[in-house]
Every structure is written in structure tokens, then in C-alpha cells.
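For reference, my_file04.cif (mmCIF, C-alpha atoms):
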```cif
data_entry
#
loop_
_atom_site.label_atom_id
_atom_site.label_comp_id
_atom_site.auth_asym_id
_atom_site.auth_seq_id
_atom_site.Cartn_x
_atom_site.Cartn_y
_atom_site.Cartn_z
CA MET A 17 70.01 113.63 49.07
CA LEU A 18 69.03 115.67 52.14
CA LEU A 19 66.99 112.73 53.28
CA HIS A 20 70.07 110.56 52.97
CA ARG A 21 72.09 112.85 55.17
CA HIS A 22 69.51 112.75 57.92
CA CYS A 23 68.69 109.08 57.81
CA PRO A 24 71.79 106.90 58.15
CA ARG A 25 69.84 103.71 57.64
CA LEU A 26 68.47 104.89 54.30
CA ARG A 27 71.91 106.06 53.27
CA GLN A 28 73.30 102.64 54.12
CA ALA A 29 70.52 100.86 52.19
CA GLY A 30 71.18 103.10 49.18
CA LYS A 31 74.86 102.17 49.21
CA VAL A 32 74.13 98.45 49.44
CA LEU A 33 71.69 98.77 46.54
CA LEU A 34 74.25 100.68 44.46
CA SER A 35 76.90 98.08 45.30
CA GLY A 36 74.55 95.31 44.14
CA VAL A 37 73.79 97.12 40.90
CA LEU A 38 77.48 97.79 40.22
CA PHE A 39 78.52 94.20 40.89
CA THR A 40 75.79 92.95 38.58
CA LEU A 41 76.96 95.38 35.91
CA LEU A 42 80.56 94.26 36.38
CA GLY A 43 79.58 90.66 35.67
CA LEU A 44 77.09 91.32 32.88
CA GLY A 45 79.22 94.08 31.36
CA GLY A 46 82.25 91.80 31.42
CA LEU A 47 80.31 89.01 29.75
CA GLY A 48 78.75 91.32 27.16
CA LEU A 49 82.11 92.86 26.27
CA SER A 50 83.80 89.44 26.18
CA LEU A 51 81.16 87.94 23.88
CA LEU A 52 80.21 90.89 21.68
CA VAL A 53 82.98 93.47 21.65
CA VAL A 54 86.19 91.43 21.95
CA PRO A 55 85.50 89.48 18.71
CA VAL A 56 85.02 92.77 16.86
CA LEU A 57 88.22 94.24 18.35
CA GLY A 58 90.00 91.09 17.14
CA LEU A 59 89.01 91.90 13.56
CA LEU A 60 90.69 95.30 13.62
CA PRO A 61 94.25 95.56 12.29
CA GLY A 62 97.25 95.27 14.59
CA GLY A 63 97.14 91.58 15.44
CA ARG A 64 97.50 90.28 19.00
CA ALA A 65 99.27 93.44 20.26
CA GLY A 66 96.56 95.66 18.80
CA LEU A 67 93.82 93.58 20.40
CA GLY A 68 95.60 93.74 23.76
CA ARG A 69 95.97 97.51 23.54
CA ARG A 70 92.33 98.05 22.66
CA ALA A 71 91.06 95.61 25.31
CA ARG A 72 93.14 97.39 27.98
CA TRP A 73 91.81 100.76 26.80
CA LEU A 74 88.29 99.38 27.13
CA ILE A 75 88.88 97.95 30.63
CA HIS A 76 90.48 101.24 31.73
CA HIS A 77 87.46 103.27 30.61
CA CYS A 78 84.94 100.83 32.09
CA PHE A 79 86.76 101.00 35.41
CA ARG A 80 86.83 104.82 35.24
CA LEU A 81 83.06 104.75 34.86
CA PHE A 82 82.78 102.23 37.69
CA LEU A 83 84.92 104.43 39.95
CA TRP A 84 82.89 107.50 39.02
CA ALA A 85 79.71 105.67 40.15
CA LEU A 86 81.39 104.51 43.38
CA GLU A 87 82.56 108.05 44.14
CA ALA A 88 79.24 109.63 43.18
CA GLY A 89 77.43 107.15 45.43
CA GLY A 90 79.69 108.06 48.36
CA ILE A 91 81.09 104.53 48.65
CA LEU A 92 84.71 105.53 48.22
CA ARG A 93 87.02 108.42 47.43
CA VAL A 94 90.28 107.76 45.60
CA GLU A 95 93.36 109.79 46.55
CA ALA A 96 96.50 109.11 44.51
CA ARG A 97 99.80 110.60 45.66
CA GLY A 98 103.21 110.69 44.04
CA MET A 99 102.24 108.53 41.08
CA PRO A 100 104.70 108.85 38.18
CA GLY A 101 103.26 109.46 34.70
CA PRO A 102 102.78 106.66 32.16
CA GLU A 103 106.12 107.33 30.43
CA ALA A 104 108.07 107.03 33.68
CA LEU A 105 106.28 103.77 34.45
CA ARG A 106 107.28 102.04 31.20
CA GLY A 107 109.10 98.79 31.94
CA THR A 108 108.32 99.07 35.66
CA LEU A 109 107.01 96.33 37.93
CA LEU A 110 104.45 97.83 40.31
CA LEU A 111 104.09 95.89 43.53
CA CYS A 112 100.93 96.58 45.53
CA ASN A 113 99.53 95.35 48.78
CA HIS A 114 95.98 94.10 48.39
CA PRO A 115 93.49 95.35 50.98
CA SER A 116 90.35 95.39 48.80
CA TYR A 117 88.59 93.66 45.93
CA LEU A 118 88.50 97.08 44.25
CA ASP A 119 92.30 97.55 44.21
CA VAL A 120 92.61 96.47 40.61
CA VAL A 121 89.69 98.71 39.58
CA VAL A 122 91.40 101.70 41.19
CA LEU A 123 94.86 100.91 39.78
CA VAL A 124 93.70 100.21 36.23
CA GLY A 125 91.48 103.29 36.50
CA LEU A 126 94.65 105.30 37.23
CA MET A 127 96.87 103.58 34.66
CA PRO A 128 95.38 103.14 31.17
CA THR A 129 97.90 100.73 29.69
CA ALA A 130 99.12 98.61 32.60
CA LEU A 131 99.16 94.82 32.37
CA CYS A 132 97.94 92.89 35.39
CA VAL A 133 99.02 89.55 36.79
CA VAL A 134 95.76 87.79 37.65
CA LYS A 135 94.56 84.63 39.37
CA GLN A 136 93.48 81.65 37.27
CA ALA A 137 89.94 82.22 38.58
CA VAL A 138 89.94 85.66 36.95
CA TYR A 139 91.69 84.50 33.77
CA ARG A 140 89.16 81.70 33.29
CA SER A 141 86.17 83.64 34.62
CA PHE A 142 82.88 82.98 32.83
CA TRP A 143 81.92 86.63 33.28
CA PHE A 144 84.99 88.62 32.23
CA GLY A 145 87.61 86.01 31.28
CA GLY A 146 87.27 86.76 27.56
CA LEU A 147 88.14 90.41 28.07
CA VAL A 148 90.96 89.61 30.52
CA ARG A 149 92.56 87.17 28.05
CA ALA A 150 92.16 89.61 25.17
CA ALA A 151 93.93 92.28 27.24
CA GLY A 152 96.98 90.03 27.46
CA TYR A 153 96.92 89.90 31.26
CA LEU A 154 99.26 87.26 32.69
CA PRO A 155 97.76 84.35 34.64
CA ILE A 156 99.43 83.02 37.81
CA GLY A 157 100.10 79.31 37.81
CA SER A 158 101.14 79.01 34.21
CA ALA A 159 104.73 77.79 34.25
CA PRO A 160 106.42 80.51 32.15
CA LEU A 161 104.95 83.40 34.18
CA LEU A 162 108.40 84.61 35.22
CA GLN A 163 109.61 84.75 31.62
CA ALA A 164 106.33 86.25 30.39
CA GLY A 165 106.61 88.95 33.05
CA LEU A 166 110.20 89.77 32.12
CA ASP A 167 109.34 89.86 28.41
CA ALA A 168 106.48 92.27 29.08
CA LEU A 169 108.73 94.54 31.16
CA HIS A 170 111.52 94.50 28.59
CA GLY A 171 108.91 95.37 25.97
CA GLY A 172 108.17 98.55 27.92
CA GLN A 173 104.93 97.43 29.59
CA THR A 174 103.93 98.44 33.10
CA LEU A 175 103.13 95.35 35.13
CA ILE A 176 100.85 95.33 38.20
CA LEU A 177 101.51 92.49 40.64
CA PHE A 178 99.99 91.80 44.04
CA PRO A 179 102.83 89.90 45.74
CA GLU A 180 100.46 88.48 48.35
CA GLY A 181 98.74 86.50 45.59
CA THR A 182 95.34 87.26 47.09
CA ARG A 183 93.72 89.92 49.26
CA SER A 184 95.32 90.61 52.66
CA THR A 185 93.66 88.99 55.63
CA PRO A 186 92.44 91.87 57.82
CA GLY A 187 94.24 92.13 61.15
CA ARG A 188 97.02 89.73 60.11
CA PRO A 189 100.58 90.58 59.00
CA ILE A 190 101.09 90.76 55.25
CA ARG A 191 102.63 87.61 53.77
CA CYS A 192 104.06 87.60 50.24
CA LEU A 193 104.70 84.89 47.68
CA ARG A 194 108.13 84.79 46.06
CA GLY A 195 107.22 85.74 42.48
CA ALA A 196 107.96 89.45 43.00
CA ALA A 197 111.40 88.60 44.41
CA HIS A 198 112.17 86.32 41.46
CA LEU A 199 111.30 89.12 39.02
CA ALA A 200 113.45 91.60 40.97
CA LEU A 201 116.37 89.14 41.05
CA ALA A 202 116.03 88.74 37.30
CA GLY A 203 116.58 92.49 36.95
CA ALA A 204 113.06 93.97 36.91
CA ARG A 205 112.80 97.64 37.88
CA VAL A 206 110.47 97.76 40.87
CA LEU A 207 108.23 100.50 42.25
CA PRO A 208 106.26 99.65 45.38
CA LEU A 209 102.78 101.14 45.75
CA VAL A 210 101.04 101.28 49.09
CA LEU A 211 97.25 101.01 49.13
CA ASP A 212 95.19 101.94 52.16
CA CYS A 213 91.44 101.67 52.37
CA SER A 214 89.85 103.01 55.50
CA PRO A 215 87.37 101.87 56.70
CA ALA A 216 87.87 98.46 55.12
CA LEU A 217 85.84 97.90 51.95
CA LEU A 218 85.43 94.54 50.22
CA ALA A 219 88.36 93.09 52.13
CA LYS A 220 88.97 89.36 52.27
CA GLY A 221 85.90 87.69 53.75
CA HIS A 222 83.60 90.60 52.85
CA ARG A 223 80.61 90.21 50.54
CA TRP A 224 79.28 92.75 48.08
CA TYR A 225 76.66 93.94 50.59
CA HIS A 226 79.25 94.73 53.29
CA VAL A 227 79.45 98.44 52.57
CA PRO A 228 80.46 100.75 55.44
CA ILE A 229 78.21 103.71 56.11
CA GLU A 230 81.13 106.16 55.92
CA THR A 231 82.84 106.95 52.64
CA CYS A 232 85.98 104.83 52.35
CA ARG A 233 89.16 106.78 51.83
CA PHE A 234 91.10 104.86 49.23
CA GLN A 235 94.71 106.02 49.13
CA VAL A 236 97.28 104.98 46.55
CA ARG A 237 100.78 106.25 47.13
CA ALA A 238 104.03 105.51 45.37
CA GLY A 239 106.54 104.21 47.88
CA GLY A 240 109.95 105.82 48.06
CA ALA A 241 112.99 103.60 47.99
CA THR A 242 112.96 100.02 46.78
CA PRO A 243 111.58 97.59 49.35
CA PHE A 244 114.30 95.13 48.41
CA ASP A 245 117.53 95.10 50.35
CA PRO A 246 120.43 94.09 48.06
CA LEU A 247 122.67 93.42 51.07
CA ALA A 248 120.25 90.75 52.19
CA VAL A 249 121.06 88.61 49.18
CA ALA A 250 124.79 89.10 48.75
CA GLY A 251 126.49 85.78 48.05
CA THR A 252 123.45 83.52 48.29
CA THR A 253 121.83 81.00 45.95
CA PRO A 254 118.67 82.03 44.05
CA PRO A 255 116.27 80.19 46.44
CA LEU A 256 117.76 81.86 49.53
CA ALA A 257 117.97 85.23 47.81
CA ALA A 258 114.29 85.02 46.88
CA ARG A 259 113.37 84.15 50.47
CA ARG A 260 115.41 87.03 51.94
CA LEU A 261 113.98 89.56 49.47
CA THR A 262 110.46 88.32 50.17
CA GLU A 263 111.03 88.84 53.90
CA ALA A 264 112.29 92.36 53.17
CA LEU A 265 109.15 93.04 51.09
CA GLU A 266 106.89 91.73 53.84
CA SER A 267 108.51 93.91 56.48
CA TYR A 268 108.27 96.91 54.12
CA TYR A 269 104.52 96.44 53.69
CA ASN A 270 103.91 95.62 57.32
CA LYS A 271 105.57 98.94 58.18
CA GLU A 272 104.10 101.10 55.37
CA ALA A 273 100.58 99.79 54.97
CA TYR A 274 97.91 100.54 57.48
CA VAL A 275 96.93 97.00 58.40
CA THR A 276 93.26 97.26 59.04
CA ASP A 277 91.67 95.41 61.89
CA GLN A 278 88.20 96.23 60.74
CA GLY A 279 87.65 93.08 58.79
CA ARG A 280 84.39 91.30 59.29
CA ASP A 281 83.87 87.62 59.68
CA PRO A 282 82.81 85.99 56.43
CA ALA A 283 79.05 86.01 56.25
CA MET B 7 127.41 49.57 48.39
CA SER B 8 124.68 52.11 47.71
CA PRO B 9 123.32 54.16 50.61
CA THR B 10 120.18 53.10 52.44
CA LYS B 11 116.92 55.00 52.28
CA GLU B 12 117.63 56.50 55.72
CA GLU B 13 121.02 57.76 54.60
CA ILE B 14 119.50 59.37 51.51
CA LEU B 15 116.80 61.02 53.65
CA LEU B 16 119.44 62.40 56.03
CA LYS B 17 121.37 63.91 53.14
CA LEU B 18 118.21 65.29 51.52
CA ARG B 19 117.16 66.84 54.83
CA GLU B 20 120.54 68.55 55.07
CA ILE B 21 120.21 69.93 51.54
CA LEU B 22 116.64 71.15 52.08
CA VAL B 23 117.48 72.85 55.38
CA GLU B 24 120.51 74.62 53.96
CA SER B 25 119.10 75.60 50.60
CA PHE B 26 115.56 76.61 51.54
CA GLN B 27 115.61 77.74 55.18
CA LEU B 28 113.38 74.85 56.22
CA ALA B 29 113.24 73.38 59.74
CA PRO B 30 114.58 69.79 59.91
CA GLU B 31 111.38 68.51 61.54
CA GLN B 32 109.32 69.70 58.56
CA ILE B 33 111.10 67.23 56.33
CA THR B 34 109.29 63.94 56.71
CA LEU B 35 108.88 61.35 53.96
CA GLU B 36 105.22 62.30 53.53
CA ALA B 37 105.84 66.06 53.24
CA GLN B 38 104.65 67.53 49.91
CA LEU B 39 107.41 69.57 48.30
CA PHE B 40 105.27 72.21 46.61
CA THR B 41 102.63 72.68 49.30
CA ASP B 42 103.89 71.62 52.75
CA LEU B 43 107.45 72.76 52.09
CA ASP B 44 106.47 75.67 49.82
CA LEU B 45 109.07 75.02 47.12
CA ASP B 46 108.68 76.63 43.70
CA SER B 47 110.04 75.90 40.22
CA ILE B 48 113.26 77.87 40.86
CA ASP B 49 113.82 75.87 44.05
CA ALA B 50 113.34 72.66 42.04
CA VAL B 51 116.22 73.67 39.76
CA GLU B 52 118.43 74.33 42.79
CA LEU B 53 117.44 70.99 44.33
CA ALA B 54 118.41 69.22 41.09
CA ILE B 55 121.82 70.95 41.14
CA GLN B 56 122.40 69.94 44.77
CA LEU B 57 121.38 66.34 44.14
CA GLN B 58 123.68 66.25 41.15
CA GLY B 59 126.51 67.15 43.50
CA TYR B 60 125.47 64.38 45.89
CA THR B 61 124.92 61.56 43.40
CA GLY B 62 127.62 62.57 40.97
CA HIS B 63 125.15 61.95 38.13
CA ARG B 64 123.30 64.29 35.88
CA VAL B 65 119.77 64.60 37.20
CA LYS B 66 117.48 63.84 34.28
CA ALA B 67 114.30 65.85 33.99
CA GLU B 68 112.13 62.76 33.47
CA ALA B 69 113.35 61.22 36.74
CA PHE B 70 111.84 64.21 38.57
CA LYS B 71 108.74 64.74 36.50
CA HIS B 72 106.33 63.03 38.89
CA VAL B 73 108.06 63.94 42.13
CA ARG B 74 105.59 65.34 44.67
CA THR B 75 106.78 64.24 48.14
CA VAL B 76 110.09 63.94 49.95
CA ASP B 77 109.68 60.16 49.65
CA ASP B 78 109.45 60.49 45.85
CA VAL B 79 112.80 62.34 45.82
CA VAL B 80 114.42 59.70 48.03
CA GLU B 81 113.15 56.94 45.73
CA ALA B 82 114.30 58.81 42.62
CA VAL B 83 117.79 59.28 44.08
CA ARG B 84 117.94 55.62 45.09
CA ALA B 85 116.93 54.50 41.60
CA MET B 86 119.59 56.80 40.15
CA LEU B 87 122.33 55.39 42.38
CA GLN B 88 121.33 51.80 41.70
CA SER B 89 121.14 52.14 37.94
CA ALA B 90 124.59 53.66 37.87
#
```

Once more with this new file: its structure as C-alpha cells, please.
Amino acid sequence: MLLHRHCPRLRQAGKVLLSGVLFTLLGLGGLGLSLLVVPVLGLLPGGRAGLGRRARWLIHHCFRLFLWALEAGGILRVEARGMPGPEALRGTLLLCNHPSYLDVVVLVGLMPTALCVVKQAVYRSFWFGGLVRAAGYLPIGSAPLLQAGLDALHGGQTLILFPEGTRSTPGRPIRCLRGAAHLALAGARVLPLVLDCSPALLAKGHRWYHVPIETCRFQVRAGGATPFDPLAVAGTTPPLAARRLTEALESYYNKEAYVTDQGRDPA
Amino acid sequence: MSPTKEEILLKLREILVESFQLAPEQITLEAQLFTDLDLDSIDAVELAIQLQGYTGHRVKAEAFKHVRTVDDVVEAVRAMLQSA
């Protein structure tokens, strides 16, 4: 370890190696759990809900382990501030900006039971799709997503949604899709979370081997007031209301989130 | 006398600008509703309501099933007005 401290290049190489190992484990671990463990979990009593609960427990603990390795290897350090406990988060829609590929690992590592809204690519993934589907995560692009999201929230679940729909583009203003606004208009209780990762780590356009030499400070903080301005939507139709709320959400995140300009060009 | 295609497009442009904060010049016949104009399923419901007000007919779901472009909407509205 002393050697590492005195030789930045070796330290950097060690981090890239660790990142490679962890990414490989993420894929292989996901596949192994999907093929071998999920079928066994499905045999236990409790039906679909029981399977979902156990799969989420499993993902949470795998991500805790993953985060422990990332922190031990000096790749990142997670700092969570002002996060309410699991009971207070029941039935809450958590909106998060999306600076890094690891956002979901950090958030699920902090919240054992949360449901995530995921891209089709994740839902159908060869590597971890089986586990993601077993967990009951909600895929974007399936028509009844809005209703599925509301049902989950009414059932007391905590829902994690990245309103941008994909990772933020470094150095560009945050742009949101309208799904979060539709859920809020339908009565969802919303808590905004602000994620900051400095220096940028696995941002959009980065590859697994783009690991900064410094330890990334990964902050998660619960935002204060709602990012949605009810006055903005008084007396409008649902399409206009959704557009106004989405603009309010974008300006909230563009003010609150540290928009990194340290993105690299895609390799 | 049913309205011409141009008249329907003018009306549709007015509806799209007012309902969805779009710029008039975005609304060409070739424009794709769900990509170029960024409409979503909730917008589609609103568009159906607005067109119902314009045509005075119930907008049937099957008439809009395969609608992708502004031109498709214009054609669907024209077919609706002619069949009435």
C-alpha cells in the first residue's frame, strides 16, 4: 500500500484492474444468480411478492459488497446526507439525477427494499435480467408503466426513478423526460435526491477503465422542498401541466446538482 | 363540403401548438409524433379529445392505432369526416 501511495501510476493501474475485476463479477455474478439462485428463490413460499422481496434483498447485499470493494480500493467514497429511514420512505417516489453508472448501485446499497425503474436494456439483459425481473423492477417503455408505478407506490413501495431516462451528459444542462411529472400529477409523493460524483466516475461516454486517480466523492443528499411548482400547473391540461412540471424539475436539478464538466470523450 | 387536407393541417397545427407547446414550424406532414414532436401516451389522449371537439365525432381507438406522423393524423381525420 505504501508503494501505491508513492507511485501514482501503479495506483492508477491497480484501480483499473480492480474496476475490470468488479465489472466482470457484476456480469458473471448477475448471470449466476439469475440462472442458479432465482429459480430456487421462486420455489420458496410467498409467491410473486415473496420472490420480489428476496431478489431485492439479494441485490441489496450484492451491491453492499460491491460498494465495500469500491471503497476499499479507493475508487469512491459514499457520503449520504439527510436520508430518511425506510419507514419514512414507504410510498415515496425518489427522483434522482444520474451522473454515474454506479448511481443505482449506491442507491440500492443504501435502500434495501426500493424498487427501481429500469431501461429495457437492463430488464432484458443477458447478464442480470433474470434477477432484475425477479426483483419486480419496472421496465421503461412498457405501456402501463405509469399505472404500475402508482400501484407500487400505493402498495407502500419506495420507487427509484431517474427522470433523465439515462445518464446525464457531462457539461450539458440536465434534461428530463415527463414520466416523473405524470406520476406527480397522479398524486405520487415525491422526494428529490441529488447525486454528485466528483471527479466524474463512469459518466456517460466513460468506459470501465476510465477510473480517476483520485478517490471519487460520491454524495447522496435528500433535497428539501418538492422540485415541483404547483402554481406552474394551475388551470392547465395534463399535457401542459406535465411539461411545466418537467421544466421546474430540470431547473431544480440544474441549480442543485453540480454539473460536472469533467466528462471524457467516448473512447 | 368536407375540409381540404390543407385546412385539416392548419387546424391540427393550431391544436398541437396550443396543447403541447410546440413551435408551428415543427409541424410538417412528415414530422413523427412520438419522436420528432416528443408526444407521449398522455398527449395522445389529449389529442384525441381535441380532435373529437373539431370533428364532432367520437375518435375511435382503431382509427388512431397506426398513426405515426402528422400526415397520418390528417388522413385519419379526413377519413372520419368523409365517412360521416

| said: as an NGL selection string, could you give me every residue of chain B near chain A (at most 12 Å apart, counting all atoms listed in the file)? | reply: :B and (22-28 or 44-53 or 55-56)

| query | Mind telling me what the PyMOL selection byres ((chain A and resi 228-236) around 8) catches here, as a list in words? | reply |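 Applying the expression gives Pro24, Arg27, Gln28, Lys31, Gly90, Ile91, Leu92, Arg93, Val94, Glu95, Ala96, Arg97, Leu209, Val210, Leu211, Asp212, Cys213, Ser214, Pro215, Ala216, Leu217, His226, Val227, Arg237 and Ala238 of chain A.
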
| Test item: which residues lie within 10 Å of (102.7, 107.6, 32.0) counting only C-alpha atoms, as a PyMOL selection string | chain A and resi 99-106+126-130+174

Would you put the residues from that selection into a file with C-alpha atoms, as a PDB file, in the coordinates of the input?
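Full text of result20.pdb as output:
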```pdb
ATOM      1  CA  MET A  99     102.240 108.530  41.080  1.00  0.00           C
ATOM      2  CA  PRO A 100     104.700 108.850  38.180  1.00  0.00           C
ATOM      3  CA  GLY A 101     103.260 109.460  34.700  1.00  0.00           C
ATOM      4  CA  PRO A 102     102.780 106.660  32.160  1.00  0.00           C
ATOM      5  CA  GLU A 103     106.120 107.330  30.430  1.00  0.00           C
ATOM      6  CA  ALA A 104     108.070 107.030  33.680  1.00  0.00           C
ATOM      7  CA  LEU A 105     106.280 103.770  34.450  1.00  0.00           C
ATOM      8  CA  ARG A 106     107.280 102.040  31.200  1.00  0.00           C
ATOM      9  CA  LEU A 126      94.650 105.300  37.230  1.00  0.00           C
ATOM     10  CA  MET A 127      96.870 103.580  34.660  1.00  0.00           C
ATOM     11  CA  PRO A 128      95.380 103.140  31.170  1.00  0.00           C
ATOM     12  CA  THR A 129      97.900 100.730  29.690  1.00  0.00           C
ATOM     13  CA  ALA A 130      99.120  98.610  32.600  1.00  0.00           C
ATOM     14  CA  THR A 174     103.930  98.440  33.100  1.00  0.00           C
TER      15      THR A 174
END
```

| query | Which one is closest to Ala264 of chain A: A:Ala197, A:Tyr225, A:Gly240, A:Thr182? Count only C-alpha atoms. | reply |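 Residue with the minimum atom-to-atom distance to Ala264 of chain A: A:Ala197.
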
| query | So what does the PyMOL selection byres ((chain B and resi 7-14) around 7) actually pick up in this one, as a PyMOL selection string? | reply | chain B and resi 15-18+80+87-88

Would you mind exporting the chosen residues as a PDB file, keeping the file's coordinate frame, restricted to C-alpha atoms?
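Saved to part14.pdb:
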```pdb
ATOM      1  CA  LEU B  15     116.800  61.020  53.650  1.00  0.00           C
ATOM      2  CA  LEU B  16     119.440  62.400  56.030  1.00  0.00           C
ATOM      3  CA  LYS B  17     121.370  63.910  53.140  1.00  0.00           C
ATOM      4  CA  LEU B  18     118.210  65.290  51.520  1.00  0.00           C
ATOM      5  CA  VAL B  80     114.420  59.700  48.030  1.00  0.00           C
ATOM      6  CA  LEU B  87     122.330  55.390  42.380  1.00  0.00           C
ATOM      7  CA  GLN B  88     121.330  51.800  41.700  1.00  0.00           C
TER       8      GLN B  88
END
```

| Contacts of His63 of chain B within 12 Å, only C-alpha atoms, excl. fewer than 5 positions in-chain, as number ranges by chain | B: 54-58, 69, 83-90

| task | I would like the residues chosen by the PyMOL selection byres ((chain A and resi 151) around 6) on the shown file; could you give them as a PyMOL selection string? | result | chain A and resi 68+71-72+148-150+152-153

| Shell around Thr34 of chain B at 10 Å using all atoms listed in the file, local window under 4 positions removed, as a ChimeraX atom specification | /B:15,19,30,38,75-77

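One distance worth recording is that between atom CA of Tyr269 of chain A and atom CA of Val120 of chain A, which is 17.7 Å.
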
Given the point (111.4, 84.1, 32.2) in the file's coordinates, find the residues that have an atom at most 12 Å from it, counting all atoms listed in the file, and give them as a PDB file with C-alpha atoms, in the frame of the given file.
```pdb
ATOM      1  CA  SER A 158     101.140  79.010  34.210  1.00  0.00           C
ATOM      2  CA  ALA A 159     104.730  77.790  34.250  1.00  0.00           C
ATOM      3  CA  PRO A 160     106.420  80.510  32.150  1.00  0.00           C
ATOM      4  CA  LEU A 161     104.950  83.400  34.180  1.00  0.00           C
ATOM      5  CA  LEU A 162     108.400  84.610  35.220  1.00  0.00           C
ATOM      6  CA  GLN A 163     109.610  84.750  31.620  1.00  0.00           C
ATOM      7  CA  ALA A 164     106.330  86.250  30.390  1.00  0.00           C
ATOM      8  CA  GLY A 165     106.610  88.950  33.050  1.00  0.00           C
ATOM      9  CA  LEU A 166     110.200  89.770  32.120  1.00  0.00           C
ATOM     10  CA  ASP A 167     109.340  89.860  28.410  1.00  0.00           C
ATOM     11  CA  ALA A 168     106.480  92.270  29.080  1.00  0.00           C
ATOM     12  CA  LEU A 169     108.730  94.540  31.160  1.00  0.00           C
ATOM     13  CA  HIS A 170     111.520  94.500  28.590  1.00  0.00           C
ATOM     14  CA  GLY A 195     107.220  85.740  42.480  1.00  0.00           C
ATOM     15  CA  HIS A 198     112.170  86.320  41.460  1.00  0.00           C
ATOM     16  CA  LEU A 199     111.300  89.120  39.020  1.00  0.00           C
ATOM     17  CA  ALA A 200     113.450  91.600  40.970  1.00  0.00           C
ATOM     18  CA  LEU A 201     116.370  89.140  41.050  1.00  0.00           C
ATOM     19  CA  ALA A 202     116.030  88.740  37.300  1.00  0.00           C
ATOM     20  CA  GLY A 203     116.580  92.490  36.950  1.00  0.00           C
ATOM     21  CA  ALA A 204     113.060  93.970  36.910  1.00  0.00           C
TER      22      ALA A 204
ATOM     23  CA  SER B  47     110.040  75.900  40.220  1.00  0.00           C
ATOM     24  CA  ILE B  48     113.260  77.870  40.860  1.00  0.00           C
TER      25      ILE B  48
END
```

| message | Quick check, in Å to one decimal: how far apart do atom CA of Phe244 of chain A and atom CA of Ile176 of chain A lie? | response |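 Separation between atom CA of Phe244 of chain A and atom CA of Ile176 of chain A: 16.9 Å.
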
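Take atom CA of Arg64 of chain B and atom CA of Phe40 of chain B: the distance between them is 22.4 Å.
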
| request: Identify, on the basis of all atoms listed in the file, every residue whose closest approach to Leu57 of chain A does not exceed 12 Å; exclude the query and any residue fewer than 6 positions from it along the same chain; express the result as a list in words. | output: Leu49, Ser50, Leu51, Gly63, Arg64, Ala65, Gly66, Leu67, Gly68, Arg69, Arg70, Ala71, Arg72, Trp73, Leu74, Gly146, Leu147, Ala150 and Ala151 of chain A

| request: Would you mind telling me which residue in A:Leu109, A:Val124, A:Leu131, A:Ile156 lies nearest to Thr242 of chain A when using only C-alpha atoms? | output: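 Smallest distance to Thr242 of chain A is found for A:Leu109.
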
| Selected residue, from A:Leu207, A:Leu218, A:Val138, A:Val122, that lies nearest to Val32 of chain A when counting all atoms listed in the file |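 Between A:Leu207, A:Leu218, A:Val138, A:Val122, the residue approaching Val32 of chain A most closely is A:Leu218.
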
Please return segment 61-72 of chain A, rebuilt to N, CA and C atoms, as a compact mmCIF listing (two decimals), in the frame of the given file.
```txt
# COMPACT_ATOMS: atom_id res chain seq x y z
N PRO A 61 92.84 95.84 12.57
CA PRO A 61 94.25 95.56 12.29
C PRO A 61 95.12 95.70 13.54
N GLY A 62 96.32 95.13 13.47
CA GLY A 62 97.25 95.27 14.59
C GLY A 62 97.56 93.96 15.29
N GLY A 63 96.84 92.90 14.91
CA GLY A 63 97.14 91.58 15.44
C GLY A 63 96.92 91.48 16.94
N ARG A 64 97.67 90.57 17.58
CA ARG A 64 97.50 90.28 19.00
C ARG A 64 97.81 91.52 19.85
N ALA A 65 98.87 92.25 19.49
CA ALA A 65 99.27 93.44 20.26
C ALA A 65 98.19 94.51 20.19
N GLY A 66 97.62 94.67 19.00
CA GLY A 66 96.56 95.66 18.80
C GLY A 66 95.33 95.32 19.63
N LEU A 67 94.97 94.04 19.61
CA LEU A 67 93.82 93.58 20.40
C LEU A 67 94.06 93.86 21.89
N GLY A 68 95.26 93.52 22.36
CA GLY A 68 95.60 93.74 23.76
C GLY A 68 95.47 95.20 24.14
N ARG A 69 96.01 96.07 23.28
CA ARG A 69 95.97 97.51 23.54
C ARG A 69 94.53 98.01 23.63
N ARG A 70 93.72 97.58 22.67
CA ARG A 70 92.33 98.05 22.66
C ARG A 70 91.53 97.48 23.83
N ALA A 71 91.78 96.22 24.18
CA ALA A 71 91.06 95.61 25.31
C ALA A 71 91.45 96.33 26.62
N ARG A 72 92.72 96.69 26.75
CA ARG A 72 93.14 97.39 27.98
C ARG A 72 92.53 98.79 28.04
```
